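A.B. asks: Input file: run_26.pdb. Contents: PDB, C-alpha atoms and all ligand atoms.
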```
ATOM      1  CA  MET A 279       6.575  14.237  13.785
ATOM      2  CA  ASN A 280       3.229  12.866  14.816
ATOM      3  CA  ASP A 281       1.705  16.253  15.367
ATOM      4  CA  SER A 282      -2.007  15.679  15.232
ATOM      5  CA  ASP A 283      -2.724  19.369  15.694
ATOM      6  CA  ASP A 284      -1.689  19.867  12.091
ATOM      7  CA  PHE A 285      -4.422  17.699  10.680
ATOM      8  CA  ASP A 286      -7.444  19.165   9.038
ATOM      9  CA  GLU A 287     -10.372  18.154  11.201
ATOM     10  CA  ASP A 288     -12.773  18.383   8.289
ATOM     11  CA  TYR A 289     -10.767  16.029   6.140
ATOM     12  CA  GLU A 290     -12.843  12.965   5.366
ATOM     13  CA  PRO A 291     -10.995  10.704   2.945
ATOM     14  CA  GLU A 292     -13.829   8.286   2.396
ATOM     15  CA  ALA A 293     -16.286  11.065   1.658
ATOM     16  CA  GLN A 294     -14.067  12.178  -1.208
ATOM     17  CA  LEU A 295     -13.895   8.844  -2.942
ATOM     18  CA  PRO A 296     -15.791   8.905  -6.206
ATOM     19  CA  GLY A 297     -18.888   6.776  -5.972
ATOM     20  CA  VAL A 298     -18.723   3.147  -5.095
ATOM     21  CA  LEU A 299     -15.405   1.624  -5.908
ATOM     22  CA  PRO A 300     -15.257  -2.149  -5.917
ATOM     23  CA  HIS A 301     -12.504  -2.171  -3.346
ATOM     24  CA  ASP A 302     -12.887  -5.789  -2.331
ATOM     25  CA  ARG A 303     -12.590  -7.019  -5.873
ATOM     26  CA  TRP A 304      -9.351  -5.159  -6.518
ATOM     27  CA  MET A 305      -7.959  -6.003  -3.114
ATOM     28  CA  ARG A 306      -8.369  -9.682  -3.943
ATOM     29  CA  LEU A 307      -5.983  -9.176  -6.847
ATOM     30  CA  ALA A 308      -3.486  -7.603  -4.461
ATOM     31  CA  LEU A 309      -4.002 -10.592  -2.170
ATOM     32  CA  ASP A 310      -3.153 -12.917  -5.052
ATOM     33  CA  GLU A 311       0.140 -11.035  -5.331
ATOM     34  CA  ALA A 312       0.729 -11.378  -1.590
ATOM     35  CA  ARG A 313       0.242 -15.130  -1.864
ATOM     36  CA  ALA A 314       2.667 -15.218  -4.774
ATOM     37  CA  ALA A 315       5.207 -13.532  -2.510
ATOM     38  CA  ALA A 316       4.678 -16.163   0.189
ATOM     39  CA  ALA A 317       5.238 -18.882  -2.381
ATOM     40  CA  GLU A 318       8.587 -17.255  -3.126
ATOM     41  CA  ASP A 319       9.450 -17.087   0.577
ATOM     42  CA  GLU A 320       9.019 -13.336   0.623
ATOM     43  CA  VAL A 321       7.061 -11.466   3.284
ATOM     44  CA  PRO A 322       3.608 -11.608   1.677
ATOM     45  CA  VAL A 323       2.552  -8.119   0.725
ATOM     46  CA  GLY A 324       0.929  -7.453  -2.641
ATOM     47  CA  ALA A 325      -0.020  -4.299  -4.495
ATOM     48  CA  ILE A 326      -1.788  -3.351  -7.683
ATOM     49  CA  VAL A 327      -2.418  -0.056  -9.443
ATOM     50  CA  VAL A 328      -5.707   0.508 -11.224
ATOM     51  CA  ALA A 329      -6.287   3.216 -13.814
ATOM     52  CA  GLY A 330      -9.320   3.658 -15.992
ATOM     53  CA  GLY A 331     -10.878   0.523 -14.569
ATOM     54  CA  ARG A 332      -7.984  -1.754 -15.427
ATOM     55  CA  VAL A 333      -4.895  -3.052 -13.721
ATOM     56  CA  ILE A 334      -1.757  -1.325 -14.987
ATOM     57  CA  ALA A 335       0.636  -2.689 -12.350
ATOM     58  CA  SER A 336       0.721  -5.779 -10.203
ATOM     59  CA  ALA A 337       3.577  -6.589  -7.861
ATOM     60  CA  HIS A 338       4.614  -8.210  -4.629
ATOM     61  CA  ASN A 339       7.382  -7.769  -2.133
ATOM     62  CA  GLN A 340      10.687  -9.015  -3.591
ATOM     63  CA  ARG A 341      13.138  -7.764  -1.029
ATOM     64  CA  GLU A 342      14.917 -11.093  -0.609
ATOM     65  CA  GLN A 343      15.101 -12.034  -4.268
ATOM     66  CA  LEU A 344      16.337  -8.651  -5.369
ATOM     67  CA  ALA A 345      18.408  -8.103  -2.228
ATOM     68  CA  ASP A 346      16.955  -4.633  -2.286
ATOM     69  CA  PRO A 347      15.565  -2.870   0.787
ATOM     70  CA  THR A 348      13.356  -0.740  -1.442
ATOM     71  CA  ALA A 349      11.708  -3.692  -3.203
ATOM     72  CA  HIS A 350       8.415  -3.408  -1.335
ATOM     73  CA  ALA A 351       5.268  -4.290  -3.277
ATOM     74  CA  GLU A 352       4.144  -0.680  -3.537
ATOM     75  CA  MET A 353       7.504   0.579  -4.820
ATOM     76  CA  ILE A 354       7.607  -2.002  -7.600
ATOM     77  CA  ALA A 355       3.962  -1.361  -8.476
ATOM     78  CA  LEU A 356       4.561   2.397  -8.673
ATOM     79  CA  THR A 357       7.503   1.894 -11.007
ATOM     80  CA  GLN A 358       5.460  -0.435 -13.197
ATOM     81  CA  ALA A 359       2.541   1.985 -13.295
ATOM     82  CA  ALA A 360       4.780   4.911 -14.214
ATOM     83  CA  ALA A 361       6.288   2.857 -17.023
ATOM     84  CA  ALA A 362       2.818   1.874 -18.241
ATOM     85  CA  LEU A 363       1.675   5.496 -18.297
ATOM     86  CA  GLY A 364       4.964   6.941 -19.448
ATOM     87  CA  SER A 365       4.841   9.449 -16.623
ATOM     88  CA  TRP A 366       5.917   9.694 -13.014
ATOM     89  CA  ARG A 367       2.628  11.402 -12.227
ATOM     90  CA  LEU A 368       0.143   8.718 -11.332
ATOM     91  CA  GLU A 369      -2.840  11.012 -11.268
ATOM     92  CA  GLY A 370      -6.072   9.140 -11.856
ATOM     93  CA  CYS A 371      -4.667   5.958 -10.350
ATOM     94  CA  VAL A 372      -5.762   3.950  -7.346
ATOM     95  CA  LEU A 373      -3.183   1.874  -5.500
ATOM     96  CA  TYR A 374      -4.332  -1.188  -3.601
ATOM     97  CA  VAL A 375      -1.983  -2.774  -1.105
ATOM     98  CA  THR A 376      -2.579  -5.554   1.378
ATOM     99  CA  LEU A 377      -0.624  -3.891   4.209
ATOM    100  CA  GLU A 378      -0.639  -0.339   5.494
ATOM    101  CA  PRO A 379       2.232   1.408   3.670
ATOM    102  CA  CYS A 380       5.489   2.066   5.512
ATOM    103  CA  PRO A 381       7.122   5.543   5.540
ATOM    104  CA  MET A 382       9.194   4.783   2.436
ATOM    105  CA  CYS A 383       6.225   3.629   0.397
ATOM    106  CA  ALA A 384       3.944   6.382   1.688
ATOM    107  CA  GLY A 385       6.647   8.850   0.633
ATOM    108  CA  ALA A 386       6.850   7.320  -2.831
ATOM    109  CA  ILE A 387       3.068   7.401  -3.141
ATOM    110  CA  LEU A 388       3.140  11.104  -2.285
ATOM    111  CA  GLN A 389       5.914  11.697  -4.809
ATOM    112  CA  ALA A 390       3.907   9.910  -7.486
ATOM    113  CA  ARG A 391       0.835  12.071  -6.739
ATOM    114  CA  VAL A 392      -1.328   8.992  -6.376
ATOM    115  CA  PRO A 393      -4.754  10.363  -5.430
ATOM    116  CA  ILE A 394      -6.275   7.320  -3.720
ATOM    117  CA  VAL A 395      -4.778   4.441  -1.748
ATOM    118  CA  VAL A 396      -6.742   1.487  -0.445
ATOM    119  CA  TRP A 397      -4.957  -0.694   2.066
ATOM    120  CA  GLY A 398      -5.747  -3.886   3.933
ATOM    121  CA  ALA A 399      -4.208  -4.827   7.261
ATOM    122  CA  ALA A 400      -2.875  -2.209   9.636
ATOM    123  CA  ASP A 401       0.839  -2.326  10.450
ATOM    124  CA  PRO A 402       1.328  -1.218  14.053
ATOM    125  CA  LYS A 403       5.110  -1.514  13.700
ATOM    126  CA  ALA A 404       5.694   0.458  10.520
ATOM    127  CA  GLY A 405       2.436   1.886   9.214
ATOM    128  CA  ALA A 406       2.716   5.464   8.051
ATOM    129  CA  VAL A 407      -0.900   6.085   7.095
ATOM    130  CA  GLU A 408      -2.673   5.566  10.374
ATOM    131  CA  SER A 409      -0.638   3.531  12.856
ATOM    132  CA  LEU A 410       2.612   5.445  13.475
ATOM    133  CA  TYR A 411       2.314   8.437  11.179
ATOM    134  CA  LYS A 412      -0.429   9.991   9.113
ATOM    135  CA  LEU A 413       1.636  11.068   6.138
ATOM    136  CA  PHE A 414      -1.304  11.141   3.740
ATOM    137  CA  GLU A 415      -3.058  13.743   5.853
ATOM    138  CA  ASP A 416      -0.100  15.871   6.845
ATOM    139  CA  SER A 417      -0.920  19.399   5.808
ATOM    140  CA  ARG A 418       2.763  20.357   5.818
ATOM    141  CA  LEU A 419       3.247  18.268   2.688
ATOM    142  CA  ASN A 420       2.100  19.642  -0.644
ATOM    143  CA  HIS A 421       0.032  16.636  -1.588
ATOM    144  CA  ARG A 422      -2.717  14.726   0.174
ATOM    145  CA  VAL A 423      -3.827  11.211  -0.518
ATOM    146  CA  ASP A 424      -7.342   9.982   0.017
ATOM    147  CA  HIS A 425      -7.201   6.598   1.664
ATOM    148  CA  VAL A 426      -9.383   3.785   2.860
ATOM    149  CA  GLY A 427      -7.956   1.239   5.254
ATOM    150  CA  HIS A 428      -8.893  -2.123   6.708
ATOM    151  CA  VAL A 429     -10.300  -3.427   3.419
ATOM    152  CA  LEU A 430     -10.318  -7.224   3.666
ATOM    153  CA  ALA A 431      -8.074  -6.619   6.665
ATOM    154  CA  ASP A 432      -8.573 -10.069   8.201
ATOM    155  CA  GLU A 433      -7.636 -11.833   5.006
ATOM    156  CA  CYS A 434      -4.680  -9.557   4.335
ATOM    157  CA  GLY A 435      -3.421  -9.991   7.891
ATOM    158  CA  ARG A 436      -3.928 -13.732   7.892
ATOM    159  CA  VAL A 437      -1.626 -14.190   4.905
ATOM    160  CA  LEU A 438       1.119 -12.488   6.915
ATOM    161  CA  THR A 439       0.379 -14.344  10.152
ATOM    162  CA  GLU A 440       0.403 -17.692   8.423
ATOM    163  CA  PHE A 441       3.639 -16.861   6.658
ATOM    164  CA  PHE A 442       5.465 -16.022   9.867
ATOM    165  CA  ARG A 443       3.917 -18.934  11.725
ATOM    166  CA  GLY A 444       5.109 -21.243   8.965
ATOM    167  CA  LYS A 445       8.595 -19.849   9.123
ATOM    168  CA  ARG A 446       9.151 -20.424  12.806
ATOM    169  CA  ARG A 447      12.474 -18.791  12.256
ATOM    170  CA  GLY A 448      13.489 -15.247  13.060
ATOM    171  CA  PRO A 449      10.971 -12.847  11.658
ATOM    172  CA  GLY A 450      13.476 -10.901   9.637
ATOM    173  CA  ALA A 451      10.980  -8.347   8.568
ATOM    174  CA  GLY A 452       8.129  -6.187   9.583
ATOM    175  CA  GLY A 453       6.550  -5.454   6.242
TER     176      GLY A 453
HETATM  177 ZN    ZN B 501       6.914  -0.132   2.240
END
```
Spell out the structure here as structure tokens.
Ligand SMILES: [Zn+2]

C.D. replies:
Amino acid sequence: MNDSDDFDEDYEPEAQLPGVLPHDRWMRLALDEARAAAAEDEVPVGAIVVAGGRVIASAHNQREQLADPTAHAEMIALTQAAAALGSWRLEGCVLYVTLEPCPMCAGAILQARVPIVVWGAADPKAGAVESLYKLFEDSRLNHRVDHVGHVLADECGRVLTEFFRGKRRGPGAGG
């Protein structure tokens, strides 16, 4: 699965990003969503989708409230964005998420043809962009996703650390 020989050595995601995107600014909005999740006793991960310089989707993890294993921040944000655009193709969109996407979310991002993903903290236990898998760069798939990681990583990670520290109970989730 993690066959690094398949990766294109010349592939430089950051070099392909158009100009200077205000990543920090948008990531702060995703962080606001993560904090909203914490306030609802959900694992604090937030995501937003930006298109044409404006936010068209804003969501946070709601797995507990919805009793839905697919209710990760990115999944909800993708659904919202598709509804806003009236299309499942999210071309021209940038997704910001406070935690490195898991395999499910990375798969959904690929399905939605999202061209650019900006993520915050790495997830060594479930990350499918850099940590465990590199799904966005897998040449066997018919779509690639440009991505920038570790944006406001300390802040994004701290929200999670503080949440689990505050819980002191079984960490029922990875992220
Ligand atoms: Zn996920």

A.B. asks: Pick out the residues no farther than 10 Å from ligand ZN 501 (chain B), counting only C-alpha atoms and all ligand atoms, and list them as a list in words.

C.D. replies: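 Using only C-alpha atoms and all ligand atoms, everything at most 10 Å from ligand ZN 501 (chain B) comes to Val323, Asn339, Pro347, Thr348, Ala349, His350, Ala351, Glu352, Met353, Val375, Leu377, Glu378, Pro379, Cys380, Pro381, Met382, Cys383, Ala384, Gly385, Ala386, Ala404, Gly405, Ala406, Gly452 and Gly453 of chain A.
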
A.B. asks: Do you know which residues are at most 8 Å from Ala399 (chain A) counting all atoms listed in the file, after dropping those on the same chain fewer than 6 positions away, and could you put them as a ChimeraX atom specification?

C.D. replies: /A:376-378,427-432,434-435

A.B. asks: Rounded to one decimal place, report the CA of Val423 (chain A)-CA of Pro393 (chain A) distance in Å.

C.D. replies: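 CA of Val423 (chain A) sits 5.1 Å away from CA of Pro393 (chain A).
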
A.B. asks: Have a look at CA of Asp346 (chain A) and CA of Arg367 (chain A) and let me know their distance in Å, one decimal.

C.D. replies: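 Interatomic distance here is 23.7 Å.
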
A.B. asks: Have a look at A:Ala312, A:Leu307, A:Leu373, A:Leu363 and name the one nearest to Glu440 (chain A); count all atoms listed in the file.

C.D. replies: A:Ala312

A.B. asks: Name the closest residue to Pro300 (chain A) among the candidates A:Gln340, A:Ala359, A:Gly331, A:His425; distances are taken between atoms, counting only C-alpha atoms.

C.D. replies: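 The answer is A:Gly331, which sits nearest to Pro300 (chain A).
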
A.B. asks: Do you have the CA of His338 (chain A)-CA of Glu311 (chain A) distance handy?

C.D. replies: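 If I compute the distance from CA of His338 (chain A) to CA of Glu311 (chain A), I get 5.3 Å.
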
A.B. asks: For Arg422 (chain A), which residue out of A:Arg303, A:Lys403, A:Lys445, A:Arg391 is the nearest one, using all atoms listed in the file?

C.D. replies: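 Smallest distance to Arg422 (chain A) is found for A:Arg391.
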
A.B. asks: Please reconstruct the missing atoms of region 298-326 of chain A (target: N, CA and C atoms) and return them as a compact mmCIF listing (two decimals), keeping the file's coordinate frame.

C.D. replies:
```txt
# COMPACT_ATOMS: atom_id res chain seq x y z
N VAL A 298 -18.99 4.43 -5.73
CA VAL A 298 -18.72 3.15 -5.10
C VAL A 298 -17.63 2.43 -5.87
N LEU A 299 -16.48 2.36 -5.26
CA LEU A 299 -15.40 1.62 -5.91
C LEU A 299 -15.42 0.18 -5.42
N PRO A 300 -15.23 -0.74 -6.31
CA PRO A 300 -15.26 -2.15 -5.92
C PRO A 300 -13.96 -2.54 -5.21
N HIS A 301 -13.77 -1.97 -4.04
CA HIS A 301 -12.50 -2.17 -3.35
C HIS A 301 -12.15 -3.63 -3.10
N ASP A 302 -13.16 -4.39 -2.67
CA ASP A 302 -12.89 -5.79 -2.33
C ASP A 302 -12.35 -6.55 -3.53
N ARG A 303 -12.97 -6.30 -4.66
CA ARG A 303 -12.59 -7.02 -5.87
C ARG A 303 -11.12 -6.74 -6.22
N TRP A 304 -10.73 -5.49 -6.18
CA TRP A 304 -9.35 -5.16 -6.52
C TRP A 304 -8.39 -5.64 -5.43
N MET A 305 -8.84 -5.56 -4.19
CA MET A 305 -7.96 -6.00 -3.11
C MET A 305 -7.66 -7.50 -3.23
N ARG A 306 -8.62 -8.25 -3.76
CA ARG A 306 -8.37 -9.68 -3.94
C ARG A 306 -7.23 -9.92 -4.94
N LEU A 307 -7.10 -9.05 -5.91
CA LEU A 307 -5.98 -9.18 -6.85
C LEU A 307 -4.66 -8.88 -6.14
N ALA A 308 -4.69 -7.90 -5.25
CA ALA A 308 -3.49 -7.60 -4.46
C ALA A 308 -3.16 -8.78 -3.54
N LEU A 309 -4.21 -9.41 -3.02
CA LEU A 309 -4.00 -10.59 -2.17
C LEU A 309 -3.38 -11.74 -2.95
N ASP A 310 -3.78 -11.88 -4.20
CA ASP A 310 -3.15 -12.92 -5.05
C ASP A 310 -1.65 -12.65 -5.15
N GLU A 311 -1.28 -11.39 -5.28
CA GLU A 311 0.14 -11.04 -5.33
C GLU A 311 0.84 -11.36 -4.01
N ALA A 312 0.14 -11.08 -2.90
CA ALA A 312 0.73 -11.38 -1.59
C ALA A 312 1.00 -12.88 -1.47
N ARG A 313 0.06 -13.67 -1.94
CA ARG A 313 0.24 -15.13 -1.86
C ARG A 313 1.39 -15.57 -2.77
N ALA A 314 1.53 -14.91 -3.89
CA ALA A 314 2.67 -15.22 -4.77
C ALA A 314 3.98 -14.93 -4.06
N ALA A 315 4.00 -13.86 -3.28
CA ALA A 315 5.21 -13.53 -2.51
C ALA A 315 5.51 -14.64 -1.51
N ALA A 316 4.48 -15.10 -0.80
CA ALA A 316 4.68 -16.16 0.19
C ALA A 316 5.26 -17.40 -0.47
N ALA A 317 4.76 -17.70 -1.66
CA ALA A 317 5.24 -18.88 -2.38
C ALA A 317 6.71 -18.74 -2.74
N GLU A 318 7.18 -17.51 -2.81
CA GLU A 318 8.59 -17.26 -3.13
C GLU A 318 9.39 -16.97 -1.86
N ASP A 319 8.79 -17.28 -0.71
CA ASP A 319 9.45 -17.09 0.58
C ASP A 319 9.77 -15.63 0.86
N GLU A 320 8.91 -14.77 0.34
CA GLU A 320 9.02 -13.34 0.62
C GLU A 320 7.90 -12.96 1.59
N VAL A 321 8.13 -11.97 2.42
CA VAL A 321 7.06 -11.47 3.28
C VAL A 321 5.87 -11.09 2.39
N PRO A 322 4.72 -11.73 2.62
CA PRO A 322 3.61 -11.61 1.68
C PRO A 322 2.83 -10.30 1.75
N VAL A 323 3.27 -9.38 0.93
CA VAL A 323 2.55 -8.12 0.72
C VAL A 323 2.40 -7.95 -0.78
N GLY A 324 1.19 -7.63 -1.22
CA GLY A 324 0.93 -7.45 -2.64
C GLY A 324 0.31 -6.10 -2.91
N ALA A 325 0.53 -5.60 -4.12
CA ALA A 325 -0.02 -4.30 -4.50
C ALA A 325 -0.39 -4.30 -5.97
N ILE A 326 -1.45 -3.57 -6.28
CA ILE A 326 -1.79 -3.35 -7.68
C ILE A 326 -2.11 -1.87 -7.88
```
